Amino acid sequence: MVIGILQRALGGDYNGKALKKLWPLAVDVNDCEEEIAALSDAELAAKTPEFRKLLADGETLDDILPEAFACVREASRRRIGLRHFDAQIIGGIVLHQGKISEMKTGEGKTLVATLPLYLNGLTGNGAHLITVNDYLAKRDAQWMAPIYHSLGLSVGVLQHDTAYIYDPAANLDNPSLRYLAPTTRRDAYGADITYGTNNEFGFDYLRD
């Protein structure tokens, strides 16, 4: 039934075939959910160094994807009260595969992105979320960073004239900058996950 709903939402034979290939991965994520939900906060956070060791030992991101996505889903449920739906899990898989996942307004693109960002952030090479303006870059980082932070990943934010690093104790009395501590652009880029705009990433690349 879920596949049928998603097929109607995606439309077309091509998307239907692609969905059928992706669905078993989403099932694998769901199969991990009960085990991950039983973990304490400390045990959930400990999955990050466990994943990194698996990668260092030769496993691939695709190998650990189901369990890693399940960890993000559980951390999101605990920290910001949002649980990824199956369609959002599939959207995260599509993004991780380097493809385009088109979603309508209100379907949870901001939440979807947490899945591939965490997974790719495990490599230590940095994962970038590129959006269209400074407001969205800052807002989305403030909103989603508690998920990554609870799992042990750092989050940087680029703005036109400054940069921040996520700190749950920073600027608690200032809603505009809540959880954001000023930092250098280099340190923001050095975070496991960095939020910014196409302009900032592009011009920083040209300046470097």
# chains A, B, ... in the order shown; residues from 1 in each chain; ligands from 1

call {"tool": "residues_around", "arguments": {"residues": "Gly81 in chain A", "least_positions_apart": "3", "cutoff": "12 Å", "atoms": "only C-alpha atoms", "output": "list in words"}}
result
Arg73, Glu74, Ala75, Ser76, Arg77, Arg78, His84, Leu111, Trp143, Met144, Pro146 and Ile147 of chain A

call {"tool": "residues_around", "arguments": {"residues": "Ile89 in chain A", "least_positions_apart": "4", "cutoff": "9 Å", "atoms": "only C-alpha atoms", "output": "PyMOL selection string"}}
result
chain A and resi 25-26+29+69+73+84-85+93-94+112+115

call {"tool": "residues_around", "arguments": {"residues": "Leu180 in chain A", "least_positions_apart": "3", "cutoff": "8 Å", "atoms": "only C-alpha atoms", "output": "PyMOL selection string"}}
result
chain A and resi 142+164-168+170-171+177

call {"tool": "residues_around", "arguments": {"residues": "range 43-54 of chain A", "least_positions_apart": "3", "cutoff": "10 Å", "atoms": "only C-alpha atoms", "output": "MDAnalysis selection string"}}
result
chainID A and resid 36:40 57:61 63:65 67:68 71:72 74:75 118:119 121:124 148:153

call {"tool": "select_by_dssp", "arguments": {"residues": "range 48-154 of chain A", "states": "helix (DSSP H, G or I)", "output": "PyMOL selection string"}}
result
chain A and resi 48-56+61-79+86-96+109-112+114-121+134-150

call {"tool": "select_by_dssp", "arguments": {"residues": "chain A", "states": "strand (DSSP E)", "output": "list in words"}}
result
Ala127, His128, Leu129, Ile130, Thr131, Val155, Gly156, Val157, Leu158, Ala163, Tyr164, Ile165, Tyr166, Leu180, Ala181, Pro182, Ile193, Thr194, Tyr195, Gly196 and Thr197 of chain A

call {"tool": "write_last_selection", "arguments": {"atoms": "N, CA, C and O atoms", "output": "PDB file, in the first residue's frame"}}
result
ATOM      1  N   ALA A 127      30.237  17.337   4.867  1.00  0.00           N
ATOM      2  CA  ALA A 127      29.033  17.243   4.040  1.00  0.00           C
ATOM      3  C   ALA A 127      28.389  18.621   4.022  1.00  0.00           C
ATOM      4  O   ALA A 127      28.264  19.266   5.067  1.00  0.00           O
ATOM      5  N   HIS A 128      28.004  19.094   2.853  1.00  0.00           N
ATOM      6  CA  HIS A 128      27.504  20.457   2.698  1.00  0.00           C
ATOM      7  C   HIS A 128      26.019  20.468   2.332  1.00  0.00           C
ATOM      8  O   HIS A 128      25.597  19.734   1.438  1.00  0.00           O
ATOM      9  N   LEU A 129      25.265  21.324   3.007  1.00  0.00           N
ATOM     10  CA  LEU A 129      23.869  21.573   2.654  1.00  0.00           C
ATOM     11  C   LEU A 129      23.836  22.959   2.017  1.00  0.00           C
ATOM     12  O   LEU A 129      24.105  23.962   2.671  1.00  0.00           O
ATOM     13  N   ILE A 130      23.491  23.011   0.731  1.00  0.00           N
ATOM     14  CA  ILE A 130      23.482  24.266  -0.004  1.00  0.00           C
ATOM     15  C   ILE A 130      22.048  24.700  -0.236  1.00  0.00           C
ATOM     16  O   ILE A 130      21.261  23.977  -0.840  1.00  0.00           O
ATOM     17  N   THR A 131      21.699  25.910   0.238  1.00  0.00           N
ATOM     18  CA  THR A 131      20.350  26.432   0.062  1.00  0.00           C
ATOM     19  C   THR A 131      20.431  27.811  -0.581  1.00  0.00           C
ATOM     20  O   THR A 131      21.501  28.233  -1.023  1.00  0.00           O
ATOM     21  N   VAL A 155      28.453  20.957  13.548  1.00  0.00           N
ATOM     22  CA  VAL A 155      27.706  21.648  12.494  1.00  0.00           C
ATOM     23  C   VAL A 155      28.198  23.084  12.375  1.00  0.00           C
ATOM     24  O   VAL A 155      28.239  23.826  13.364  1.00  0.00           O
ATOM     25  N   GLY A 156      28.566  23.485  11.163  1.00  0.00           N
ATOM     26  CA  GLY A 156      28.961  24.858  10.875  1.00  0.00           C
ATOM     27  C   GLY A 156      27.907  25.546  10.030  1.00  0.00           C
ATOM     28  O   GLY A 156      27.132  24.885   9.331  1.00  0.00           O
ATOM     29  N   VAL A 157      27.882  26.874  10.096  1.00  0.00           N
ATOM     30  CA  VAL A 157      26.927  27.670   9.320  1.00  0.00           C
ATOM     31  C   VAL A 157      27.663  28.839   8.677  1.00  0.00           C
ATOM     32  O   VAL A 157      28.342  29.613   9.366  1.00  0.00           O
ATOM     33  N   LEU A 158      27.535  28.974   7.365  1.00  0.00           N
ATOM     34  CA  LEU A 158      28.112  30.099   6.644  1.00  0.00           C
ATOM     35  C   LEU A 158      27.056  31.166   6.424  1.00  0.00           C
ATOM     36  O   LEU A 158      25.925  30.866   6.056  1.00  0.00           O
ATOM     37  N   ALA A 163      30.425  33.546  10.206  1.00  0.00           N
ATOM     38  CA  ALA A 163      30.232  32.096  10.239  1.00  0.00           C
ATOM     39  C   ALA A 163      29.992  31.684  11.687  1.00  0.00           C
ATOM     40  O   ALA A 163      30.400  32.384  12.627  1.00  0.00           O
ATOM     41  N   TYR A 164      29.341  30.543  11.861  1.00  0.00           N
ATOM     42  CA  TYR A 164      28.994  30.066  13.194  1.00  0.00           C
ATOM     43  C   TYR A 164      29.272  28.569  13.301  1.00  0.00           C
ATOM     44  O   TYR A 164      29.353  27.856  12.306  1.00  0.00           O
ATOM     45  N   ILE A 165      29.372  28.130  14.556  1.00  0.00           N
ATOM     46  CA  ILE A 165      29.423  26.714  14.858  1.00  0.00           C
ATOM     47  C   ILE A 165      28.292  26.423  15.839  1.00  0.00           C
ATOM     48  O   ILE A 165      27.992  27.261  16.706  1.00  0.00           O
ATOM     49  N   TYR A 166      27.650  25.287  15.693  1.00  0.00           N
ATOM     50  CA  TYR A 166      26.543  24.967  16.590  1.00  0.00           C
ATOM     51  C   TYR A 166      27.055  24.683  17.988  1.00  0.00           C
ATOM     52  O   TYR A 166      27.970  23.899  18.196  1.00  0.00           O
ATOM     53  N   LEU A 180      24.062  29.277  18.169  1.00  0.00           N
ATOM     54  CA  LEU A 180      25.124  29.553  17.208  1.00  0.00           C
ATOM     55  C   LEU A 180      26.213  30.415  17.843  1.00  0.00           C
ATOM     56  O   LEU A 180      25.950  31.521  18.315  1.00  0.00           O
ATOM     57  N   ALA A 181      27.436  29.917  17.854  1.00  0.00           N
ATOM     58  CA  ALA A 181      28.583  30.651  18.389  1.00  0.00           C
ATOM     59  C   ALA A 181      29.440  31.124  17.224  1.00  0.00           C
ATOM     60  O   ALA A 181      29.725  30.345  16.305  1.00  0.00           O
ATOM     61  N   PRO A 182      29.871  32.392  17.224  1.00  0.00           N
ATOM     62  CA  PRO A 182      30.708  32.894  16.131  1.00  0.00           C
ATOM     63  C   PRO A 182      31.987  32.074  15.990  1.00  0.00           C
ATOM     64  O   PRO A 182      32.574  31.628  16.976  1.00  0.00           O
ATOM     65  N   ILE A 193      29.356  18.785   9.217  1.00  0.00           N
ATOM     66  CA  ILE A 193      28.270  19.209   8.333  1.00  0.00           C
ATOM     67  C   ILE A 193      28.262  20.732   8.296  1.00  0.00           C
ATOM     68  O   ILE A 193      28.366  21.380   9.344  1.00  0.00           O
ATOM     69  N   THR A 194      28.164  21.312   7.105  1.00  0.00           N
ATOM     70  CA  THR A 194      28.171  22.765   6.966  1.00  0.00           C
ATOM     71  C   THR A 194      26.971  23.210   6.141  1.00  0.00           C
ATOM     72  O   THR A 194      26.752  22.722   5.029  1.00  0.00           O
ATOM     73  N   TYR A 195      26.201  24.138   6.711  1.00  0.00           N
ATOM     74  CA  TYR A 195      25.064  24.746   6.012  1.00  0.00           C
ATOM     75  C   TYR A 195      25.492  26.087   5.428  1.00  0.00           C
ATOM     76  O   TYR A 195      26.197  26.862   6.077  1.00  0.00           O
ATOM     77  N   GLY A 196      25.067  26.378   4.197  1.00  0.00           N
ATOM     78  CA  GLY A 196      25.385  27.652   3.578  1.00  0.00           C
ATOM     79  C   GLY A 196      24.615  27.832   2.286  1.00  0.00           C
ATOM     80  O   GLY A 196      23.773  27.011   1.921  1.00  0.00           O
ATOM     81  N   THR A 197      24.901  28.915   1.580  1.00  0.00           N
ATOM     82  CA  THR A 197      24.219  29.197   0.322  1.00  0.00           C
ATOM     83  C   THR A 197      25.133  28.909  -0.862  1.00  0.00           C
ATOM     84  O   THR A 197      26.355  28.824  -0.722  1.00  0.00           O
TER      85      THR A 197
END

call {"tool": "closest_residue", "arguments": {"among": "A:Met103, A:Leu19, A:Leu95, A:Ala70", "to": "Arg83 in chain A", "atoms": "only C-alpha atoms"}}
result
A:Ala70
